[in-house]
>>> print(open('target.pdb').read())   # PDB, C-alpha atoms
MODEL        1
ATOM      1  CA  MET A   1     -17.753  -8.469   0.762
ATOM      2  CA  SER A   2     -19.402  -9.912   3.863
ATOM      3  CA  ASN A   3     -16.270  -9.204   5.869
ATOM      4  CA  PRO A   4     -16.290  -5.549   7.051
ATOM      5  CA  ILE A   5     -12.494  -5.393   7.391
ATOM      6  CA  ALA A   6     -12.034  -6.734   3.856
ATOM      7  CA  ALA A   7     -14.678  -4.335   2.561
ATOM      8  CA  TYR A   8     -13.062  -1.351   4.294
ATOM      9  CA  LEU A   9      -9.588  -2.113   2.964
ATOM     10  CA  ALA A  10     -10.802  -2.990  -0.549
ATOM     11  CA  GLU A  11     -12.797   0.263  -0.676
ATOM     12  CA  ASP A  12      -9.605   2.069   0.302
ATOM     13  CA  HIS A  13      -7.842   0.397  -2.657
ATOM     14  CA  VAL A  14     -10.546   1.830  -4.928
ATOM     15  CA  ARG A  15     -10.212   5.298  -3.354
ATOM     16  CA  LEU A  16      -6.439   5.226  -3.783
ATOM     17  CA  GLY A  17      -6.745   4.024  -7.379
ATOM     18  CA  THR A  18      -9.089   6.902  -8.116
ATOM     19  CA  LEU A  19      -6.640   9.422  -6.659
ATOM     20  CA  LEU A  20      -3.794   7.999  -8.739
ATOM     21  CA  ALA A  21      -5.977   8.129 -11.861
ATOM     22  CA  GLN A  22      -6.810  11.768 -11.113
ATOM     23  CA  ALA A  23      -3.129  12.563 -10.594
ATOM     24  CA  THR A  24      -2.268  11.115 -14.008
ATOM     25  CA  ALA A  25      -5.384  12.124 -15.964
ATOM     26  CA  VAL A  26      -3.458  14.490 -18.239
ATOM     27  CA  ALA A  27      -0.880  12.674 -20.340
ATOM     28  CA  GLY A  28       2.690  13.687 -19.550
ATOM     29  CA  ARG A  29       1.723  15.512 -16.353
ATOM     30  CA  ILE A  30       1.300  14.518 -12.714
ATOM     31  CA  ASP A  31      -1.153  16.647 -10.779
ATOM     32  CA  GLN A  32       0.500  17.142  -7.398
ATOM     33  CA  ALA A  33      -2.650  17.658  -5.299
ATOM     34  CA  PRO A  34      -4.256  14.267  -5.990
ATOM     35  CA  PHE A  35      -0.822  12.603  -6.007
ATOM     36  CA  SER A  36      -0.128  14.015  -2.544
ATOM     37  CA  ALA A  37      -3.508  12.704  -1.342
ATOM     38  CA  PHE A  38      -2.671   9.328  -2.919
ATOM     39  CA  ARG A  39       0.765   9.301  -1.281
ATOM     40  CA  GLY A  40      -0.560  10.116   2.179
ATOM     41  CA  GLY A  41      -3.469   7.717   1.817
ATOM     42  CA  LEU A  42      -1.246   4.894   0.622
ATOM     43  CA  LEU A  43       1.155   5.362   3.523
ATOM     44  CA  ARG A  44      -1.845   5.324   5.882
ATOM     45  CA  HIS A  45      -3.140   2.136   4.244
ATOM     46  CA  ILE A  46       0.250   0.431   4.583
ATOM     47  CA  GLY A  47       0.388   1.509   8.227
ATOM     48  CA  MET A  48      -3.041  -0.009   8.928
ATOM     49  CA  GLU A  49      -1.936  -3.314   7.475
ATOM     50  CA  GLU A  50       1.529  -3.438   9.031
ATOM     51  CA  LYS A  51       0.607  -2.189  12.502
ATOM     52  CA  LEU A  52      -2.913  -3.530  12.931
ATOM     53  CA  LEU A  53      -4.014  -6.204  10.451
ATOM     54  CA  PHE A  54      -0.836  -8.295  10.208
ATOM     55  CA  PRO A  55      -0.428  -8.580  14.009
ATOM     56  CA  ALA A  56      -4.132  -9.409  14.478
ATOM     57  CA  LEU A  57      -3.938 -12.183  11.908
ATOM     58  CA  LYS A  58      -0.710 -13.492  13.443
ATOM     59  CA  ARG A  59      -2.449 -13.746  16.820
ATOM     60  CA  LEU A  60      -5.397 -15.497  15.177
ATOM     61  CA  LEU A  61      -3.373 -17.944  13.102
ATOM     62  CA  GLY A  62      -0.511 -18.471  15.553
ATOM     63  CA  ALA A  63       1.929 -17.515  12.767
ATOM     64  CA  PRO A  64       2.092 -14.860  10.061
ATOM     65  CA  HIS A  65      -0.382 -15.270   7.212
ATOM     66  CA  PRO A  66       1.451 -16.912   4.275
ATOM     67  CA  ALA A  67       1.162 -13.722   2.175
ATOM     68  CA  VAL A  68       2.723 -11.403   4.762
ATOM     69  CA  ALA A  69       6.375 -11.940   3.780
ATOM     70  CA  ARG A  70       5.570 -10.951   0.196
ATOM     71  CA  LEU A  71       3.407  -8.022   1.292
ATOM     72  CA  HIS A  72       6.196  -6.660   3.548
ATOM     73  CA  LYS A  73       8.517  -6.587   0.529
ATOM     74  CA  ASP A  74       5.867  -4.916  -1.605
ATOM     75  CA  HIS A  75       5.270  -2.301   1.096
ATOM     76  CA  GLY A  76       8.982  -1.522   1.108
ATOM     77  CA  ALA A  77       9.005  -1.075  -2.665
ATOM     78  CA  ILE A  78       5.858   1.073  -2.588
ATOM     79  CA  ALA A  79       7.177   3.284   0.202
ATOM     80  CA  SER A  80      10.507   3.791  -1.581
ATOM     81  CA  LEU A  81       8.686   4.784  -4.788
ATOM     82  CA  LEU A  82       6.812   7.484  -2.854
ATOM     83  CA  VAL A  83      10.042   9.209  -1.777
ATOM     84  CA  PRO A  84      11.205  10.977  -4.977
ATOM     85  CA  THR A  85       9.270  13.476  -7.030
ATOM     86  CA  PRO A  86       6.743  11.444  -9.006
ATOM     87  CA  THR A  87       7.414  10.834 -12.694
ATOM     88  CA  ALA A  88       5.693   8.714 -15.312
ATOM     89  CA  LEU A  89       8.218   5.919 -14.675
ATOM     90  CA  ILE A  90       7.654   6.052 -10.919
ATOM     91  CA  VAL A  91       3.873   5.925 -11.389
ATOM     92  CA  SER A  92       4.277   3.019 -13.786
ATOM     93  CA  ALA A  93       6.459   1.202 -11.247
ATOM     94  CA  LEU A  94       3.915   1.897  -8.500
ATOM     95  CA  ARG A  95       1.187   0.349 -10.622
ATOM     96  CA  ALA A  96       3.419  -2.643 -11.372
ATOM     97  CA  VAL A  97       3.719  -3.295  -7.630
ATOM     98  CA  LEU A  98       0.182  -2.333  -6.592
ATOM     99  CA  GLU A  99      -1.830  -4.402  -9.058
ATOM    100  CA  PRO A 100      -0.574  -7.855  -7.996
ATOM    101  CA  HIS A 101      -0.216  -6.650  -4.400
ATOM    102  CA  ASP A 102      -3.853  -5.600  -4.114
ATOM    103  CA  ALA A 103      -4.984  -8.802  -5.830
ATOM    104  CA  LEU A 104      -3.020 -10.897  -3.317
ATOM    105  CA  GLU A 105      -4.723  -9.100  -0.459
ATOM    106  CA  GLU A 106      -8.216  -9.216  -1.933
ATOM    107  CA  VAL A 107      -8.305 -12.735  -3.439
ATOM    108  CA  ALA A 108     -11.443 -14.458  -2.145
ATOM    109  CA  ASP A 109      -9.926 -17.851  -1.351
ATOM    110  CA  GLY A 110      -7.042 -17.609   1.065
ATOM    111  CA  GLY A 111      -6.355 -13.897   0.604
ATOM    112  CA  LEU A 112      -5.159 -11.783   3.468
ATOM    113  CA  TYR A 113      -8.390  -9.820   3.781
ATOM    114  CA  GLU A 114     -10.505 -12.965   3.674
ATOM    115  CA  ALA A 115      -8.553 -14.314   6.647
ATOM    116  CA  ALA A 116      -9.854 -11.392   8.708
ATOM    117  CA  SER A 117     -13.335 -12.947   8.510
ATOM    118  CA  GLN A 118     -12.064 -15.581  10.957
ATOM    119  CA  LEU A 119     -11.481 -13.022  13.697
ATOM    120  CA  PRO A 120     -13.988 -13.159  16.568
ATOM    121  CA  ALA A 121     -16.692 -10.511  16.026
ATOM    122  CA  ALA A 122     -15.647  -8.303  18.951
ATOM    123  CA  GLU A 123     -11.992  -8.361  17.914
ATOM    124  CA  ALA A 124     -12.914  -7.663  14.285
ATOM    125  CA  GLU A 125     -15.003  -4.654  15.325
ATOM    126  CA  THR A 126     -12.205  -3.331  17.535
ATOM    127  CA  LEU A 127      -9.729  -3.783  14.680
ATOM    128  CA  LEU A 128     -12.015  -2.033  12.205
ATOM    129  CA  GLN A 129     -12.484   0.934  14.544
ATOM    130  CA  ALA A 130      -8.731   1.124  15.125
ATOM    131  CA  MET A 131      -8.167   1.166  11.344
ATOM    132  CA  LYS A 132     -10.701   3.938  10.882
ATOM    133  CA  ALA A 133      -8.925   5.979  13.564
ATOM    134  CA  VAL A 134      -5.536   5.810  11.801
ATOM    135  CA  ARG A 135      -4.498   9.185  10.408
ATOM    136  CA  GLU A 136      -2.228   9.874   7.493
ATOM    137  CA  PRO A 137       1.381  10.221   8.526
ATOM    138  CA  PRO A 138       3.037  13.580   7.927
ATOM    139  CA  GLN A 139       4.560  13.754   4.474
ATOM    140  CA  SER A 140       8.172  14.695   4.030
ATOM    141  CA  PRO A 141       9.182  16.671   0.966
ATOM    142  CA  HIS A 142      10.147  14.516  -2.000
ATOM    143  CA  ASN A 143      13.791  13.441  -2.004
ATOM    144  CA  ASP A 144      15.530  13.059  -5.369
ATOM    145  CA  SER A 145      18.938  12.113  -3.961
ATOM    146  CA  PRO A 146      20.983   9.249  -5.414
ATOM    147  CA  ALA A 147      20.419   7.360  -2.142
ATOM    148  CA  ALA A 148      16.639   7.507  -2.654
ATOM    149  CA  PHE A 149      16.954   5.972  -6.111
ATOM    150  CA  LYS A 150      19.420   3.358  -4.842
ATOM    151  CA  GLN A 151      16.820   2.389  -2.236
ATOM    152  CA  ILE A 152      14.165   2.053  -4.951
ATOM    153  CA  ALA A 153      16.416  -0.342  -6.881
ATOM    154  CA  HIS A 154      17.041  -2.362  -3.727
ATOM    155  CA  THR A 155      13.389  -2.621  -2.647
ATOM    156  CA  MET A 156      12.108  -3.357  -6.148
ATOM    157  CA  ALA A 157      14.655  -6.178  -6.479
ATOM    158  CA  ALA A 158      13.725  -7.518  -3.031
ATOM    159  CA  ALA A 159      10.050  -7.504  -4.052
ATOM    160  CA  ASN A 160      11.010  -9.260  -7.295
ATOM    161  CA  VAL A 161       9.162  -6.701  -9.415
ATOM    162  CA  ASP A 162       9.981  -6.996 -13.104
ATOM    163  CA  HIS A 163       9.768  -3.349 -14.107
ATOM    164  CA  PRO A 164      12.271  -0.680 -15.137
ATOM    165  CA  VAL A 165      13.579   1.096 -12.078
ATOM    166  CA  PRO A 166      14.039   4.857 -12.027
ATOM    167  CA  THR A 167      17.685   5.728 -11.494
ATOM    168  CA  GLY A 168      17.326   9.449 -10.921
ATOM    169  CA  PRO A 169      15.032  12.418 -11.356
ATOM    170  CA  ALA A 170      13.445  12.787 -14.773
TER     171      ALA A 170
ENDMDL
END
>>> encode(input="target.pdb", output="structure tokens")
Amino acid sequence: MSNPIAAYLAEDHVRLGTLLAQATAVAGRIDQAPFSAFRGGLLRHIGMEEKLLFPALKRLLGAPHPAVARLHKDHGAIASLLVPTPTALIVSALRAVLEPHDALEEVADGGLYEAASQLPAAEAETLLQAMKAVREPPQSPHNDSPAAFKQIAHTMAAANVDHPVPTGPA
């Protein structure tokens, strides 16, 4: 990608995908160390987009990028799926949200990341450096309460994701 912001965020998608693949490499088992790295990295990635990229593009375009409303809903679903202890169904649901989500961000014509190429060079460089400086947020312990699973159902429905929703711990 000729756009350094797009390249940085797309490379992060690859890194996160690799961590999730490592976490699920053994059938029927989720390796907690790479899943924890995936979880923290994904929350960091969402934070970069929500706090830095979306506002920068809104300033540039004078209004939110057309994909932002959908991406907000996806971020809510993703974040809710990271709350309980991971299971095969939760990982499957995460993938069901992430695959179209990442494609929407990375699409070459009109995608969110492509829009960043329109930022003035100095602003783009400042934004990229700010993204690189973002640290992973602290991770709370997993929460397997009924309220956590109710929130998953709510955010998955809001994101219009057609996938079975976990209703409780496995």
>>> residues_around(input="target.pdb", residues="range 22-38 of chain A", least_positions_apart="3", cutoff="9 Å", atoms="only C-alpha atoms", output="list in words")
Arg15, Leu16, Gly17, Thr18, Leu19, Gly41, Leu42, Leu43, Pro86, Thr87, Ala88, Val91 and Gln139 of chain A
>>> write_last_selection(input="target.pdb", atoms="C-alpha atoms", output="CSV table (one decimal), in the frame of the given file")
chain,number,residue,atom,x,y,z
A,15,ARG,CA,-10.2,5.3,-3.4
A,16,LEU,CA,-6.4,5.2,-3.8
A,17,GLY,CA,-6.7,4.0,-7.4
A,18,THR,CA,-9.1,6.9,-8.1
A,19,LEU,CA,-6.6,9.4,-6.7
A,41,GLY,CA,-3.5,7.7,1.8
A,42,LEU,CA,-1.2,4.9,0.6
A,43,LEU,CA,1.2,5.4,3.5
A,86,PRO,CA,6.7,11.4,-9.0
A,87,THR,CA,7.4,10.8,-12.7
A,88,ALA,CA,5.7,8.7,-15.3
A,91,VAL,CA,3.9,5.9,-11.4
A,139,GLN,CA,4.6,13.8,4.5
>>> resolve_selection(input="target.pdb", expression="the PyMOL selection byres ((chain A and resi 170) around 10)", output="VMD selection string")
chain A and resid 85 to 90 144 166 to 169
>>> closest_residue(input="target.pdb", among="A:Pro120, A:Pro66, A:Pro84, A:Gly47", to="Pro146 in chain A", atoms="only C-alpha atoms")
A:Pro84
>>> residues_near_point(input="target.pdb", point="(-8.4, -12.8, -0.4)", cutoff="12 Å", atoms="all atoms listed in the file", output="VMD selection string")
chain A and resid 1 3 5 to 7 9 to 10 65 to 67 100 to 117
>>> atom_distance(input="target.pdb", atom1="CA of Ala158 in chain A", atom2="CA of His72 in chain A")
10.0 Å
>>> atom_distance(input="target.pdb", atom1="CA of Ala153 in chain A", atom2="CA of Val165 in chain A")
6.1 Å
>>> resolve_selection(input="target.pdb", expression="the PyMOL selection byres ((chain A and resi 154) around 12)", output="list in words")
Lys73, Asp74, Gly76, Ala77, Ile78, Ser80, Leu81, Ala147, Ala148, Phe149, Lys150, Gln151, Ile152, Ala153, Thr155, Met156, Ala157, Ala158, Ala159, Asn160, Val161, Val165, Pro166 and Thr167 of chain A
>>> residues_around(input="target.pdb", residues="Arg44 in chain A", least_positions_apart="3", cutoff="8 Å", atoms="all atoms listed in the file", output="list in words")
Gly40, Gly41, Gly47, Met48, Val134, Arg135, Glu136 and Pro137 of chain A
>>> write_last_selection(input="target.pdb", atoms="C-alpha atoms", output="JSON list (two decimals), in the frame of the given file")
[["chain", "number", "residue", "atom", "x", "y", "z"],
["A", 40, "GLY", "CA", -0.56, 10.12, 2.18],
["A", 41, "GLY", "CA", -3.47, 7.72, 1.82],
["A", 47, "GLY", "CA", 0.39, 1.51, 8.23],
["A", 48, "MET", "CA", -3.04, -0.01, 8.93],
["A", 134, "VAL", "CA", -5.54, 5.81, 11.80],
["A", 135, "ARG", "CA", -4.50, 9.18, 10.41],
["A", 136, "GLU", "CA", -2.23, 9.87, 7.49],
["A", 137, "PRO", "CA", 1.38, 10.22, 8.53]]
>>> atom_distance(input="target.pdb", atom1="CA of Arg59 in chain A", atom2="CA of Ala122 in chain A")
14.4 Å
>>> closest_residue(input="target.pdb", among="A:Ala93, A:Ala124, A:Ala79, A:Leu52", to="Pro164 in chain A", atoms="all atoms listed in the file")
A:Ala93
>>> closest_residue(input="target.pdb", among="A:Arg39, A:His163, A:Glu99, A:Arg70", to="Ser140 in chain A", atoms="all atoms listed in the file")
A:Arg39
>>> closest_residue(input="target.pdb", among="A:Ser145, A:Ile46, A:Asp162, A:Leu20", to="Val83 in chain A", atoms="only C-alpha atoms")
A:Ser145
>>> decode(input="target.pdb", residues="range 30-53 of chain A", atoms="N, CA and C atoms", output="mmCIF file, in the first residue's frame")
data_model
loop_
_atom_site.group_PDB
_atom_site.id
_atom_site.type_symbol
_atom_site.label_atom_id
_atom_site.label_comp_id
_atom_site.auth_asym_id
_atom_site.auth_seq_id
_atom_site.Cartn_x
_atom_site.Cartn_y
_atom_site.Cartn_z
ATOM 1 N N ILE A 30 -7.840 -23.527 23.207
ATOM 2 C CA ILE A 30 -7.435 -22.143 22.965
ATOM 3 C C ILE A 30 -6.240 -21.862 23.869
ATOM 4 N N ASP A 31 -5.129 -21.552 23.233
ATOM 5 C CA ASP A 31 -3.897 -21.239 23.944
ATOM 6 C C ASP A 31 -4.024 -19.810 24.484
ATOM 7 N N GLN A 32 -4.011 -19.687 25.796
ATOM 8 C CA GLN A 32 -4.310 -18.400 26.430
ATOM 9 C C GLN A 32 -3.256 -17.325 26.178
ATOM 10 N N ALA A 33 -1.987 -17.688 26.061
ATOM 11 C CA ALA A 33 -0.956 -16.661 25.864
ATOM 12 C C ALA A 33 -1.136 -15.921 24.536
ATOM 13 N N PRO A 34 -1.224 -16.616 23.402
ATOM 14 C CA PRO A 34 -1.447 -15.846 22.169
ATOM 15 C C PRO A 34 -2.843 -15.216 22.113
ATOM 16 N N PHE A 35 -3.841 -15.844 22.767
ATOM 17 C CA PHE A 35 -5.164 -15.219 22.765
ATOM 18 C C PHE A 35 -5.119 -13.919 23.558
ATOM 19 N N SER A 36 -4.417 -13.905 24.667
ATOM 20 C CA SER A 36 -4.297 -12.675 25.456
ATOM 21 C C SER A 36 -3.591 -11.588 24.649
ATOM 22 N N ALA A 37 -2.547 -11.953 23.914
ATOM 23 C CA ALA A 37 -1.854 -10.982 23.056
ATOM 24 C C ALA A 37 -2.797 -10.483 21.954
ATOM 25 N N PHE A 38 -3.582 -11.386 21.387
ATOM 26 C CA PHE A 38 -4.579 -11.016 20.382
ATOM 27 C C PHE A 38 -5.596 -10.054 20.987
ATOM 28 N N ARG A 39 -6.101 -10.387 22.154
ATOM 29 C CA ARG A 39 -7.125 -9.570 22.815
ATOM 30 C C ARG A 39 -6.606 -8.157 23.075
ATOM 31 N N GLY A 40 -5.439 -8.064 23.677
ATOM 32 C CA GLY A 40 -4.861 -6.747 23.955
ATOM 33 C C GLY A 40 -4.559 -5.976 22.682
ATOM 34 N N GLY A 41 -4.014 -6.679 21.687
ATOM 35 C CA GLY A 41 -3.693 -6.028 20.424
ATOM 36 C C GLY A 41 -4.928 -5.554 19.685
ATOM 37 N N LEU A 42 -5.992 -6.344 19.740
ATOM 38 C CA LEU A 42 -7.224 -5.968 19.059
ATOM 39 C C LEU A 42 -7.873 -4.760 19.737
ATOM 40 N N LEU A 43 -7.844 -4.728 21.055
ATOM 41 C CA LEU A 43 -8.383 -3.566 21.760
ATOM 42 C C LEU A 43 -7.555 -2.312 21.459
ATOM 43 N N ARG A 44 -6.246 -2.470 21.332
ATOM 44 C CA ARG A 44 -5.374 -1.361 20.947
ATOM 45 C C ARG A 44 -5.739 -0.875 19.542
ATOM 46 N N HIS A 45 -5.907 -1.824 18.627
ATOM 47 C CA HIS A 45 -6.230 -1.496 17.236
ATOM 48 C C HIS A 45 -7.561 -0.726 17.161
ATOM 49 N N ILE A 46 -8.556 -1.213 17.873
ATOM 50 C CA ILE A 46 -9.853 -0.527 17.904
ATOM 51 C C ILE A 46 -9.683 0.887 18.464
ATOM 52 N N GLY A 47 -8.894 1.013 19.513
ATOM 53 C CA GLY A 47 -8.647 2.329 20.105
ATOM 54 C C GLY A 47 -7.988 3.287 19.125
ATOM 55 N N MET A 48 -7.026 2.804 18.341
ATOM 56 C CA MET A 48 -6.374 3.654 17.342
ATOM 57 C C MET A 48 -7.390 4.172 16.327
ATOM 58 N N GLU A 49 -8.266 3.292 15.900
ATOM 59 C CA GLU A 49 -9.263 3.699 14.911
ATOM 60 C C GLU A 49 -10.279 4.667 15.512
ATOM 61 N N GLU A 50 -10.838 4.303 16.651
ATOM 62 C CA GLU A 50 -11.898 5.110 17.257
ATOM 63 C C GLU A 50 -11.394 6.480 17.723
ATOM 64 N N LYS A 51 -10.234 6.519 18.338
ATOM 65 C CA LYS A 51 -9.754 7.756 18.949
ATOM 66 C C LYS A 51 -8.901 8.612 18.025
ATOM 67 N N LEU A 52 -8.286 8.007 17.031
ATOM 68 C CA LEU A 52 -7.375 8.760 16.174
ATOM 69 C C LEU A 52 -7.819 8.829 14.714
ATOM 70 N N LEU A 53 -8.025 7.662 14.084
ATOM 71 C CA LEU A 53 -8.318 7.643 12.656
ATOM 72 C C LEU A 53 -9.696 8.225 12.337
#
